[in-house]
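Engineer: Data file my_file_39.pdb (PDB, C-alpha atoms) is appended below.
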```
ATOM      1  CA  MET A1293      -0.647 -17.511   0.049
ATOM      2  CA  ALA A1294       0.480 -19.707   2.896
ATOM      3  CA  SER A1295      -0.141 -23.003   1.147
ATOM      4  CA  SER A1296       2.121 -22.471  -1.818
ATOM      5  CA  PRO A1297       5.863 -22.037  -1.583
ATOM      6  CA  PRO A1298       7.058 -18.480  -2.033
ATOM      7  CA  LEU A1299       8.736 -17.310  -5.180
ATOM      8  CA  THR A1300      12.475 -17.568  -4.789
ATOM      9  CA  ALA A1301      15.184 -16.342  -7.075
ATOM     10  CA  PRO A1302      15.628 -19.619  -9.008
ATOM     11  CA  ASP A1303      11.854 -19.866  -9.496
ATOM     12  CA  VAL A1304      11.692 -16.476 -11.070
ATOM     13  CA  GLY A1305      14.661 -17.391 -13.205
ATOM     14  CA  GLN A1306      12.609 -20.243 -14.609
ATOM     15  CA  LEU A1307       9.220 -18.633 -14.550
ATOM     16  CA  ALA A1308      10.277 -15.375 -16.048
ATOM     17  CA  GLY A1309      12.589 -17.172 -18.410
ATOM     18  CA  SER A1310      10.391 -16.155 -21.298
ATOM     19  CA  SER A1311      11.921 -12.734 -21.273
ATOM     20  CA  TRP A1312      12.746 -12.097 -24.880
ATOM     21  CA  PRO A1313      13.782  -8.962 -26.616
ATOM     22  CA  THR A1314      11.048  -7.922 -28.998
ATOM     23  CA  THR A1315      11.672  -5.331 -31.628
ATOM     24  CA  ALA A1316       7.916  -5.325 -32.126
ATOM     25  CA  SER A1317       7.234  -4.019 -28.641
ATOM     26  CA  ALA A1318       9.936  -1.394 -29.090
ATOM     27  CA  GLY A1319       8.170  -0.221 -32.208
ATOM     28  CA  ALA A1320       4.870  -0.108 -30.404
ATOM     29  CA  ARG A1321       6.289   2.171 -27.733
ATOM     30  CA  GLY A1322       7.931   4.688 -29.960
ATOM     31  CA  ALA A1323       5.681   4.813 -33.002
ATOM     32  CA  GLY A1324       3.670   7.895 -32.088
ATOM     33  CA  ALA A1325       6.341   9.769 -30.170
ATOM     34  CA  PRO A1326       9.637  11.056 -31.498
ATOM     35  CA  SER A1327      11.882   8.007 -31.741
ATOM     36  CA  CYS A1328      13.226   7.393 -28.256
ATOM     37  CA  PRO A1329      16.946   6.823 -28.018
ATOM     38  CA  PRO A1330      17.991   3.430 -26.690
ATOM     39  CA  THR A1331      18.180   3.810 -22.938
ATOM     40  CA  PRO A1332      20.897   2.004 -21.071
ATOM     41  CA  GLY A1333      20.160   0.113 -17.904
ATOM     42  CA  HIS A1334      16.926  -1.463 -16.882
ATOM     43  CA  ALA A1335      13.410  -0.155 -16.755
ATOM     44  CA  VAL A1336      12.826  -1.955 -13.487
ATOM     45  CA  GLU A1337      15.289  -3.577 -11.122
ATOM     46  CA  LEU A1338      14.550  -5.483  -7.940
ATOM     47  CA  PRO A1339      17.752  -6.502  -6.168
ATOM     48  CA  SER A1340      16.977  -9.159  -3.532
ATOM     49  CA  VAL A1341      13.460  -8.147  -2.677
ATOM     50  CA  SER A1342      11.318  -9.829  -0.056
ATOM     51  CA  ARG A1343       7.713  -9.260   0.833
ATOM     52  CA  ALA A1344       6.043 -10.898   3.781
ATOM     53  CA  TYR A1345       2.512 -10.463   5.001
ATOM     54  CA  GLY A1346       1.440 -10.618   8.602
ATOM     55  CA  ARG A1347       3.356 -10.455  11.854
ATOM     56  CA  ARG A1348       6.855 -11.797  12.383
ATOM     57  CA  ARG A1349       6.170 -15.269  13.701
ATOM     58  CA  ARG A1350       3.226 -16.101  11.491
ATOM     59  CA  ALA A1351       4.431 -14.118   8.499
ATOM     60  CA  SER A1352       3.830 -15.731   5.156
ATOM     61  CA  HIS A1353       6.465 -14.933   2.610
ATOM     62  CA  ALA A1354       5.122 -14.102  -0.813
ATOM     63  CA  LEU A1355       8.537 -13.130  -2.127
ATOM     64  CA  ARG A1356      11.743 -14.382  -0.547
ATOM     65  CA  ASP A1357      14.914 -12.653  -1.616
ATOM     66  CA  ILE A1358      14.284 -12.502  -5.330
ATOM     67  CA  THR A1359      16.364 -10.541  -7.810
ATOM     68  CA  VAL A1360      14.849  -9.600 -11.148
ATOM     69  CA  GLU A1361      15.681  -7.103 -13.829
ATOM     70  CA  PHE A1362      13.422  -6.001 -16.621
ATOM     71  CA  PRO A1363      15.417  -4.423 -19.470
ATOM     72  CA  TYR A1364      13.918  -1.713 -21.649
ATOM     73  CA  ARG A1365      11.975  -2.816 -24.714
ATOM     74  CA  THR A1366      11.483  -6.363 -23.610
ATOM     75  CA  LEU A1367       8.389  -8.299 -22.810
ATOM     76  CA  THR A1368       8.494 -10.462 -19.714
ATOM     77  CA  ALA A1369       5.811 -12.932 -18.774
ATOM     78  CA  VAL A1370       5.681 -14.160 -15.199
ATOM     79  CA  MET A1371       3.864 -17.452 -14.799
ATOM     80  CA  GLY A1372       3.084 -19.580 -11.818
ATOM     81  CA  LEU A1373       0.383 -21.200  -9.735
ATOM     82  CA  SER A1374      -2.140 -18.942  -8.105
ATOM     83  CA  GLY A1375      -0.913 -17.680  -4.783
ATOM     84  CA  CYS A1376       2.759 -18.066  -5.688
ATOM     85  CA  GLY A1377       3.455 -14.356  -5.518
ATOM     86  CA  LYS A1378       2.983 -13.052  -9.059
ATOM     87  CA  SER A1379       0.712 -10.203  -8.035
ATOM     88  CA  THR A1380       2.940  -9.365  -5.084
ATOM     89  CA  LEU A1381       5.907  -9.194  -7.420
ATOM     90  CA  LEU A1382       3.994  -6.847  -9.691
ATOM     91  CA  GLN A1383       2.828  -4.650  -6.826
ATOM     92  CA  CYS A1384       6.330  -4.352  -5.424
ATOM     93  CA  ALA A1385       7.879  -3.705  -8.822
ATOM     94  CA  ALA A1386       5.278  -1.091  -9.715
ATOM     95  CA  GLY A1387       5.510   0.900  -6.502
ATOM     96  CA  LEU A1388       2.042  -0.063  -5.359
ATOM     97  CA  ASP A1389       3.163  -1.944  -2.295
ATOM     98  CA  PRO A1390       6.441  -1.440  -0.425
ATOM     99  CA  PRO A1391       8.682  -4.518  -0.132
ATOM    100  CA  SER A1392       9.588  -5.741   3.364
ATOM    101  CA  ALA A1393      13.262  -5.888   2.389
ATOM    102  CA  GLY A1394      15.351  -5.016  -0.620
ATOM    103  CA  ARG A1395      15.116  -2.165  -3.075
ATOM    104  CA  VAL A1396      13.090  -1.304  -6.152
ATOM    105  CA  HIS A1397      14.329   0.876  -8.998
ATOM    106  CA  ILE A1398      12.059   2.204 -11.727
ATOM    107  CA  GLY A1399      13.728   4.045 -14.584
ATOM    108  CA  GLY A1400      16.903   4.348 -12.538
ATOM    109  CA  ILE A1401      15.102   5.896  -9.559
ATOM    110  CA  ASP A1402      15.232   4.159  -6.205
ATOM    111  CA  ILE A1403      11.612   4.173  -5.136
ATOM    112  CA  THR A1404      12.092   2.162  -1.960
ATOM    113  CA  HIS A1405      11.876   5.078   0.435
ATOM    114  CA  LEU A1406       9.747   7.489  -1.521
ATOM    115  CA  SER A1407       6.769   8.999   0.288
ATOM    116  CA  ARG A1408       3.321   7.852  -0.744
ATOM    117  CA  ARG A1409       2.708  11.118  -2.533
ATOM    118  CA  LYS A1410       5.935  10.865  -4.530
ATOM    119  CA  LEU A1411       5.113   7.263  -5.358
ATOM    120  CA  SER A1412       1.752   8.367  -6.749
ATOM    121  CA  VAL A1413       3.414  10.992  -8.909
ATOM    122  CA  LEU A1414       6.000   8.490 -10.108
ATOM    123  CA  ARG A1415       3.290   5.991 -11.024
ATOM    124  CA  ARG A1416       1.331   8.420 -13.118
ATOM    125  CA  GLN A1417       4.428   9.745 -14.888
ATOM    126  CA  ARG A1418       6.490   6.639 -15.457
ATOM    127  CA  VAL A1419       4.330   3.548 -15.089
ATOM    128  CA  GLY A1420       1.399   2.268 -17.130
ATOM    129  CA  PHE A1421      -1.127  -0.147 -15.651
ATOM    130  CA  VAL A1422      -3.545  -2.655 -17.090
ATOM    131  CA  PHE A1423      -5.394  -4.579 -14.411
ATOM    132  CA  GLN A1424      -7.526  -7.664 -14.594
ATOM    133  CA  ALA A1425     -10.821  -6.012 -13.787
ATOM    134  CA  LEU A1426     -12.366  -2.623 -13.134
ATOM    135  CA  ASN A1427      -9.706  -0.822 -15.040
ATOM    136  CA  LEU A1428     -11.744   2.223 -15.939
ATOM    137  CA  VAL A1429     -13.616   4.904 -14.051
ATOM    138  CA  PRO A1430     -17.250   4.082 -14.907
ATOM    139  CA  THR A1431     -18.459   7.692 -14.832
ATOM    140  CA  LEU A1432     -15.832   9.037 -17.251
ATOM    141  CA  SER A1433     -16.009   8.729 -21.032
ATOM    142  CA  VAL A1434     -13.556   6.514 -22.873
ATOM    143  CA  ALA A1435     -11.522   9.557 -23.986
ATOM    144  CA  ASP A1436     -11.409  10.924 -20.424
ATOM    145  CA  ASN A1437     -10.335   7.542 -19.102
ATOM    146  CA  ILE A1438      -7.478   7.403 -21.594
ATOM    147  CA  ALA A1439      -6.361  10.926 -20.680
ATOM    148  CA  LEU A1440      -6.749  10.379 -16.926
ATOM    149  CA  PRO A1441      -3.042   9.987 -16.040
ATOM    150  CA  LEU A1442      -2.252  13.235 -17.859
ATOM    151  CA  ARG A1443      -5.087  15.050 -16.089
ATOM    152  CA  LEU A1444      -3.970  13.754 -12.685
ATOM    153  CA  ASP A1445      -0.523  15.044 -13.524
ATOM    154  CA  GLY A1446      -1.902  18.470 -14.395
ATOM    155  CA  ARG A1447      -0.773  18.221 -18.004
ATOM    156  CA  ARG A1448      -2.599  19.486 -21.061
ATOM    157  CA  VAL A1449      -4.473  16.768 -22.929
ATOM    158  CA  ASP A1450      -3.778  16.536 -26.638
ATOM    159  CA  ARG A1451      -7.047  15.229 -28.061
ATOM    160  CA  ARG A1452      -5.412  14.234 -31.312
ATOM    161  CA  ARG A1453      -2.991  12.028 -29.441
ATOM    162  CA  VAL A1454      -5.840  10.423 -27.492
ATOM    163  CA  ARG A1455      -7.654   9.687 -30.773
ATOM    164  CA  GLN A1456      -4.509   8.385 -32.387
ATOM    165  CA  LEU A1457      -3.663   6.123 -29.469
ATOM    166  CA  ALA A1458      -7.243   4.830 -29.296
ATOM    167  CA  GLY A1459      -7.057   4.032 -32.988
ATOM    168  CA  ARG A1460      -3.850   2.095 -32.477
ATOM    169  CA  VAL A1461      -5.459  -0.206 -29.924
ATOM    170  CA  GLY A1462      -8.622  -0.591 -32.011
ATOM    171  CA  ILE A1463     -11.028   1.934 -30.478
ATOM    172  CA  ALA A1464     -12.943   3.887 -33.126
ATOM    173  CA  PRO A1465     -13.191   7.699 -32.739
ATOM    174  CA  GLU A1466     -16.969   7.535 -32.293
ATOM    175  CA  GLN A1467     -16.506   5.226 -29.311
ATOM    176  CA  LEU A1468     -14.438   7.800 -27.447
ATOM    177  CA  ARG A1469     -17.493   9.596 -26.116
ATOM    178  CA  ARG A1470     -19.135   6.467 -24.763
ATOM    179  CA  LEU A1471     -19.030   5.309 -21.153
ATOM    180  CA  PRO A1472     -16.953   2.210 -20.379
ATOM    181  CA  GLY A1473     -20.049   0.320 -19.240
ATOM    182  CA  THR A1474     -21.425   0.362 -22.788
ATOM    183  CA  LEU A1475     -18.348  -1.322 -24.273
ATOM    184  CA  SER A1476     -17.546  -5.015 -24.417
ATOM    185  CA  GLY A1477     -15.021  -6.420 -21.964
ATOM    186  CA  GLY A1478     -12.332  -6.741 -24.602
ATOM    187  CA  LYS A1479     -12.856  -3.174 -25.771
ATOM    188  CA  ARG A1480     -12.587  -1.940 -22.188
ATOM    189  CA  GLN A1481      -9.212  -3.626 -21.839
ATOM    190  CA  ARG A1482      -8.105  -1.922 -25.052
ATOM    191  CA  VAL A1483      -9.083   1.409 -23.524
ATOM    192  CA  ALA A1484      -7.019   0.517 -20.466
ATOM    193  CA  ILE A1485      -4.050  -0.271 -22.693
ATOM    194  CA  ALA A1486      -4.401   3.119 -24.413
ATOM    195  CA  ARG A1487      -4.491   4.756 -20.977
ATOM    196  CA  ALA A1488      -1.334   2.888 -19.986
ATOM    197  CA  LEU A1489       0.430   4.155 -23.129
ATOM    198  CA  ILE A1490      -0.653   7.801 -22.986
ATOM    199  CA  THR A1491       2.183   8.973 -20.731
ATOM    200  CA  ASP A1492       4.846   7.098 -22.724
ATOM    201  CA  PRO A1493       5.862   5.257 -19.547
ATOM    202  CA  GLU A1494       9.109   3.511 -18.717
ATOM    203  CA  VAL A1495       7.268   0.276 -18.136
ATOM    204  CA  ILE A1496       3.769  -1.141 -18.379
ATOM    205  CA  PHE A1497       2.539  -3.611 -15.795
ATOM    206  CA  ALA A1498      -0.331  -5.836 -16.765
ATOM    207  CA  ASP A1499      -1.920  -8.194 -14.242
ATOM    208  CA  GLU A1500      -3.786 -10.861 -16.214
ATOM    209  CA  PRO A1501      -5.007  -8.298 -18.727
ATOM    210  CA  THR A1502      -6.736 -10.793 -20.992
ATOM    211  CA  SER A1503      -8.821 -12.593 -18.383
ATOM    212  CA  TRP A1504     -10.970  -9.560 -17.900
ATOM    213  CA  GLY A1505     -13.998  -9.399 -15.694
ATOM    214  CA  TRP A1506     -16.147  -6.514 -14.618
TER     215      TRP A1506
ATOM    216  CA  MET B 566     -39.342  17.553  15.045
ATOM    217  CA  GLY B 567     -36.473  15.799  16.857
ATOM    218  CA  LEU B 568     -37.568  12.365  15.705
ATOM    219  CA  VAL B 569     -37.963  13.498  12.104
ATOM    220  CA  THR B 570     -34.483  15.023  12.158
ATOM    221  CA  LEU B 571     -33.018  11.880  13.688
ATOM    222  CA  LEU B 572     -34.634   9.576  11.126
ATOM    223  CA  GLY B 573     -33.618  11.877   8.297
ATOM    224  CA  SER B 574     -30.035  11.982   9.557
ATOM    225  CA  VAL B 575     -29.829   8.207   9.850
ATOM    226  CA  SER B 576     -31.078   7.642   6.323
ATOM    227  CA  LEU B 577     -28.796  10.378   4.974
ATOM    228  CA  LEU B 578     -25.743   8.877   6.677
ATOM    229  CA  ASN B 579     -26.659   5.375   5.597
ATOM    230  CA  THR B 580     -27.169   6.305   1.948
ATOM    231  CA  LEU B 581     -23.969   8.312   1.667
ATOM    232  CA  VAL B 582     -21.749   5.823   3.477
ATOM    233  CA  MET B 583     -23.040   3.013   1.268
ATOM    234  CA  ALA B 584     -22.570   5.133  -1.873
ATOM    235  CA  THR B 585     -18.989   5.898  -0.892
ATOM    236  CA  ILE B 586     -18.200   2.261  -0.199
ATOM    237  CA  GLU B 587     -19.616   1.339  -3.604
ATOM    238  CA  ARG B 588     -17.136   3.749  -5.137
ATOM    239  CA  ARG B 589     -14.317   1.965  -3.346
ATOM    240  CA  ARG B 590     -13.047   0.278  -6.491
ATOM    241  CA  ALA B 591     -13.018   3.460  -8.535
ATOM    242  CA  LEU B 592     -11.113   5.228  -5.748
ATOM    243  CA  ILE B 593      -8.597   2.393  -5.490
ATOM    244  CA  LEU B 594      -8.150   2.510  -9.260
ATOM    245  CA  LEU B 595      -7.476   6.246  -9.118
ATOM    246  CA  ARG B 596      -4.852   5.687  -6.410
ATOM    247  CA  ARG B 597      -3.181   2.930  -8.393
ATOM    248  CA  ILE B 598      -2.860   4.920 -11.592
ATOM    249  CA  GLY B 599      -1.300   7.783  -9.716
ATOM    250  CA  ALA B 600      -3.820  10.054  -8.013
ATOM    251  CA  THR B 601      -2.417  11.356  -4.735
ATOM    252  CA  ALA B 602      -4.490  11.030  -1.571
ATOM    253  CA  ARG B 603      -4.897  14.796  -1.619
ATOM    254  CA  GLN B 604      -6.302  14.717  -5.146
ATOM    255  CA  VAL B 605      -8.831  12.059  -4.238
ATOM    256  CA  ILE B 606      -9.892  13.982  -1.127
ATOM    257  CA  SER B 607     -10.272  17.284  -2.969
ATOM    258  CA  MET B 608     -12.256  15.572  -5.716
ATOM    259  CA  THR B 609     -14.508  14.108  -3.048
ATOM    260  CA  ILE B 610     -14.971  17.481  -1.356
ATOM    261  CA  TRP B 611     -16.028  19.081  -4.648
ATOM    262  CA  GLN B 612     -18.503  16.322  -5.270
ATOM    263  CA  THR B 613     -19.818  16.686  -1.737
ATOM    264  CA  ALA B 614     -20.278  20.424  -2.266
ATOM    265  CA  VAL B 615     -22.289  19.872  -5.437
ATOM    266  CA  LEU B 616     -24.323  17.214  -3.688
ATOM    267  CA  CYS B 617     -25.071  19.561  -0.779
ATOM    268  CA  VAL B 618     -26.144  22.428  -3.031
ATOM    269  CA  VAL B 619     -28.414  20.212  -5.115
ATOM    270  CA  GLY B 620     -29.777  18.406  -2.058
ATOM    271  CA  ILE B 621     -30.544  21.569  -0.115
ATOM    272  CA  ALA B 622     -32.147  23.187  -3.178
ATOM    273  CA  LEU B 623     -34.368  20.167  -3.789
ATOM    274  CA  GLY B 624     -35.198  19.841  -0.078
ATOM    275  CA  ALA B 625     -36.053  23.533   0.186
ATOM    276  CA  ALA B 626     -38.226  23.315  -2.922
ATOM    277  CA  ALA B 627     -40.142  20.330  -1.545
ATOM    278  CA  ALA B 628     -40.563  22.023   1.840
ATOM    279  CA  THR B 629     -41.702  25.281   0.235
ATOM    280  CA  ALA B 630     -44.346  23.505  -1.818
ATOM    281  CA  SER B 631     -45.950  21.877   1.215
ATOM    282  CA  LEU B 632     -45.475  24.982   3.392
ATOM    283  CA  LEU B 633     -47.329  27.140   0.884
ATOM    284  CA  MET B 634     -50.300  24.821   0.969
ATOM    285  CA  VAL B 635     -50.372  24.709   4.764
ATOM    286  CA  ALA B 636     -50.040  28.487   4.973
ATOM    287  CA  LYS B 637     -52.830  28.960   2.462
ATOM    288  CA  SER B 638     -55.249  26.720   4.353
ATOM    289  CA  LEU B 639     -54.408  28.054   7.825
ATOM    290  CA  THR B 640     -54.023  31.773   7.228
ATOM    291  CA  GLY B 641     -55.548  32.346   3.837
ATOM    292  CA  THR B 642     -52.410  33.964   2.492
ATOM    293  CA  CYS B 643     -49.618  32.296   0.579
ATOM    294  CA  MET B 644     -46.909  33.817   2.771
ATOM    295  CA  PRO B 645     -45.616  31.248   5.283
ATOM    296  CA  TYR B 646     -43.956  32.419   8.486
ATOM    297  CA  LEU B 647     -40.219  31.808   8.197
ATOM    298  CA  THR B 648     -37.566  32.098  10.871
ATOM    299  CA  TRP B 649     -33.986  31.934   9.749
ATOM    300  CA  PRO B 650     -32.154  30.367  12.720
ATOM    301  CA  PRO B 651     -33.871  26.952  12.542
ATOM    302  CA  MET B 652     -33.465  26.880   8.760
ATOM    303  CA  ALA B 653     -29.771  27.659   9.086
ATOM    304  CA  ILE B 654     -29.396  24.907  11.685
ATOM    305  CA  ILE B 655     -31.115  22.390   9.416
ATOM    306  CA  GLY B 656     -28.905  23.364   6.482
ATOM    307  CA  GLU B 657     -25.736  23.239   8.539
ATOM    308  CA  THR B 658     -26.652  19.874   9.999
ATOM    309  CA  ALA B 659     -27.298  18.482   6.524
ATOM    310  CA  VAL B 660     -23.975  19.784   5.184
ATOM    311  CA  GLY B 661     -22.074  18.562   8.241
ATOM    312  CA  LEU B 662     -23.594  15.090   8.146
ATOM    313  CA  THR B 663     -22.955  14.827   4.412
ATOM    314  CA  LEU B 664     -19.309  15.787   4.818
ATOM    315  CA  ILE B 665     -18.831  13.263   7.621
ATOM    316  CA  ALA B 666     -20.671  10.492   5.794
ATOM    317  CA  ILE B 667     -18.548  10.911   2.673
ATOM    318  CA  LEU B 668     -15.143  11.941   3.986
ATOM    319  CA  VAL B 669     -14.778   9.417   6.814
ATOM    320  CA  PRO B 670     -15.141   6.303   4.598
ATOM    321  CA  THR B 671     -13.062   7.929   1.856
ATOM    322  CA  ALA B 672     -10.255   8.724   4.286
ATOM    323  CA  TRP B 673     -10.463   5.183   5.599
ATOM    324  CA  LEU B 674     -10.083   3.828   2.071
ATOM    325  CA  LEU B 675      -7.092   6.062   1.485
ATOM    326  CA  THR B 676      -5.159   4.868   4.530
ATOM    327  CA  ARG B 677      -4.772   1.445   2.967
ATOM    328  CA  PRO B 678      -1.848   0.812   0.583
ATOM    329  CA  ALA B 679      -2.525   1.659  -3.043
ATOM    330  CA  GLY B 680      -2.136  -1.931  -4.158
ATOM    331  CA  GLY B 681      -5.039  -3.212  -2.101
ATOM    332  CA  GLY B 682      -7.625  -4.845  -4.271
TER     333      GLY B 682
END
```
Can the structure in the file be given as structure tokens, please?
Structural biologist:
Amino acid sequence: MASSPPLTAPDVGQLAGSSWPTTASAGARGAGAPSCPPTPGHAVELPSVSRAYGRRRRASHALRDITVEFPYRTLTAVMGLSGCGKSTLLQCAAGLDPPSAGRVHIGGIDITHLSRRKLSVLRRQRVGFVFQALNLVPTLSVADNIALPLRLDGRRVDRRRVRQLAGRVGIAPEQLRRLPGTLSGGKRQRVAIARALITDPEVIFADEPTSWGW
Amino acid sequence: MGLVTLLGSVSLLNTLVMATIERRRALILLRRIGATARQVISMTIWQTAVLCVVGIALGAAAATASLLMVAKSLTGTCMPYLTWPPMAIIGETAVGLTLIAILVPTAWLLTRPAGGG
């Protein structure tokens, strides 16, 4: 982290410049659910956020005063050298890691000062995650993994919806009872994508979802 | 008796602490996708309870089998002499050690921020 320069606002402007509105992704979000009305504002907003690691003097700045907005129904790719702060940006934006300065809004809610418990609830209700590796709980079946955010939230699980969502990402119904360890890496990532979609979240964060490992 | 208990305790603690640390990634994943610390802890306590019941049942079964044979050869009857207080102490010690060995590393994992990989 220390060796590479931190992400600054102009960097993100360039790096995240490939933010394009995609009607395709909008369709993907709303296809199963009742058509969602266009929502004004941004799914995620980070006005002048900084994140430093370590103590004051020796602190290394992963993010230095960056401002980003992610509008609804758009796909944004953030690219950069390793160690330039991409993961930190994601963790701050997703409410996984509090920023050192600045604010974070998800779905219009200021999450900056939420307690850890409220952050957890917000994540499972409004945010979908696809990580690079170890995305699934190895002792739960594929169907249970997909339904996990709903279960954590104490909601009833609609099996038909789980099957439907699995089908949309290319998981056959007979694979739903299998354990993640018996699926190929690509299939496991598909399961993770279905899990990210199950709560119809405001935003999905994916950290290198296609370079999967186990 | 003391030495056997000590050795048993050490291996119990070691096994459970290692098993919990191996589950680190699954626990971190649960935290990331929105399980609260309380949910993870209560899940762990339930699992610990099941583990204790199964472990004590299996341990008692193994002990009974060997006790019966000893009793048969020493006294000629199949009825071993049982006293409850030591058995209760052994059971309580096992449950207590299991709880400590599982909950302490789990709690330690939960104090770190959810993003930690």
Engineer: Quick one: which residues from chain B are at most 10 Å off chain A, using only C-alpha atoms, as number ranges by chain?
Structural biologist: B: 588, 590-605, 678-681
Engineer: At what distance in Å, to one decimal, does CA of Tyr1345 in chain A lie from CA of His1397 in chain A?
Structural biologist: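 CA of Tyr1345 in chain A lies at a distance of 21.5 Å from CA of His1397 in chain A.
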Engineer: What does the distance between CA of Pro645 in chain B and CA of Leu633 in chain B come to in Å, to one decimal place?
Structural biologist: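 Result for CA of Pro645 in chain B versus CA of Leu633 in chain B: 6.3 Å, one decimal.
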Engineer: One decimal, Å: what's the distance from CA of Cys617 in chain B over to CA of Val660 in chain B, could you say?
Structural biologist: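 Value for the CA of Cys617 in chain B-CA of Val660 in chain B distance: 6.1 Å.
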Engineer: Quick one: apply the PyMOL selection byres ((chain A and resi 1343) around 10) to the file and drop the selected residues here as a PDB file with C-alpha atoms, in the coordinates of the input.
Structural biologist:
```pdb
ATOM      1  CA  PRO A1298       7.058 -18.480  -2.033  1.00  0.00           C
ATOM      2  CA  VAL A1341      13.460  -8.147  -2.677  1.00  0.00           C
ATOM      3  CA  SER A1342      11.318  -9.829  -0.056  1.00  0.00           C
ATOM      4  CA  ALA A1344       6.043 -10.898   3.781  1.00  0.00           C
ATOM      5  CA  TYR A1345       2.512 -10.463   5.001  1.00  0.00           C
ATOM      6  CA  ALA A1351       4.431 -14.118   8.499  1.00  0.00           C
ATOM      7  CA  SER A1352       3.830 -15.731   5.156  1.00  0.00           C
ATOM      8  CA  HIS A1353       6.465 -14.933   2.610  1.00  0.00           C
ATOM      9  CA  ALA A1354       5.122 -14.102  -0.813  1.00  0.00           C
ATOM     10  CA  LEU A1355       8.537 -13.130  -2.127  1.00  0.00           C
ATOM     11  CA  ARG A1356      11.743 -14.382  -0.547  1.00  0.00           C
ATOM     12  CA  ASP A1357      14.914 -12.653  -1.616  1.00  0.00           C
ATOM     13  CA  ILE A1358      14.284 -12.502  -5.330  1.00  0.00           C
ATOM     14  CA  GLY A1377       3.455 -14.356  -5.518  1.00  0.00           C
ATOM     15  CA  THR A1380       2.940  -9.365  -5.084  1.00  0.00           C
ATOM     16  CA  LEU A1381       5.907  -9.194  -7.420  1.00  0.00           C
ATOM     17  CA  CYS A1384       6.330  -4.352  -5.424  1.00  0.00           C
ATOM     18  CA  ASP A1389       3.163  -1.944  -2.295  1.00  0.00           C
ATOM     19  CA  PRO A1390       6.441  -1.440  -0.425  1.00  0.00           C
ATOM     20  CA  PRO A1391       8.682  -4.518  -0.132  1.00  0.00           C
ATOM     21  CA  SER A1392       9.588  -5.741   3.364  1.00  0.00           C
ATOM     22  CA  ALA A1393      13.262  -5.888   2.389  1.00  0.00           C
ATOM     23  CA  GLY A1394      15.351  -5.016  -0.620  1.00  0.00           C
TER      24      GLY A1394
END
```
Engineer: Name all residues at most 7 Å from range 666-676 of chain B (count only C-alpha atoms; drop same-chain ones fewer than 4 positions away) and give them as a PyMOL selection string.
Structural biologist: chain B and resi 578+581-582+585-586+602+662
Engineer: Evaluate the PyMOL selection byres ((chain A and resi 1449-1451) around 12) on the structure here and hand back the selected residues as number ranges by chain.
Structural biologist: A: 1435-1448, 1452-1458, 1465, 1468, 1490-1491
Engineer: Contacts of Met652 in chain B at 12 Å or less, counting only C-alpha atoms, minus same-chain residues fewer than 6 places along, as a list in words?
Structural biologist: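 Surrounding residues, per the criterion: Ile621, Gly624, Ala625, Ala628, Thr629, Tyr646, Thr658 and Ala659 of chain B.
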Engineer: Running the PyMOL selection byres ((chain A and resi 1335-1339) around 9) on this model by hand, what would come out? Give it as a list of chain:residue names.
Structural biologist: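 Applying the expression gives A:Thr1331, A:Pro1332, A:Gly1333, A:His1334, A:Ser1340, A:Val1341, A:Asp1357, A:Ile1358, A:Thr1359, A:Val1360, A:Glu1361, A:Phe1362, A:Pro1363, A:Tyr1364, A:Arg1365, A:Cys1384, A:Ala1385, A:Ala1386, A:Gly1394, A:Arg1395, A:Val1396, A:His1397, A:Ile1398, A:Gly1399, A:Gly1400, A:Glu1494, A:Val1495.
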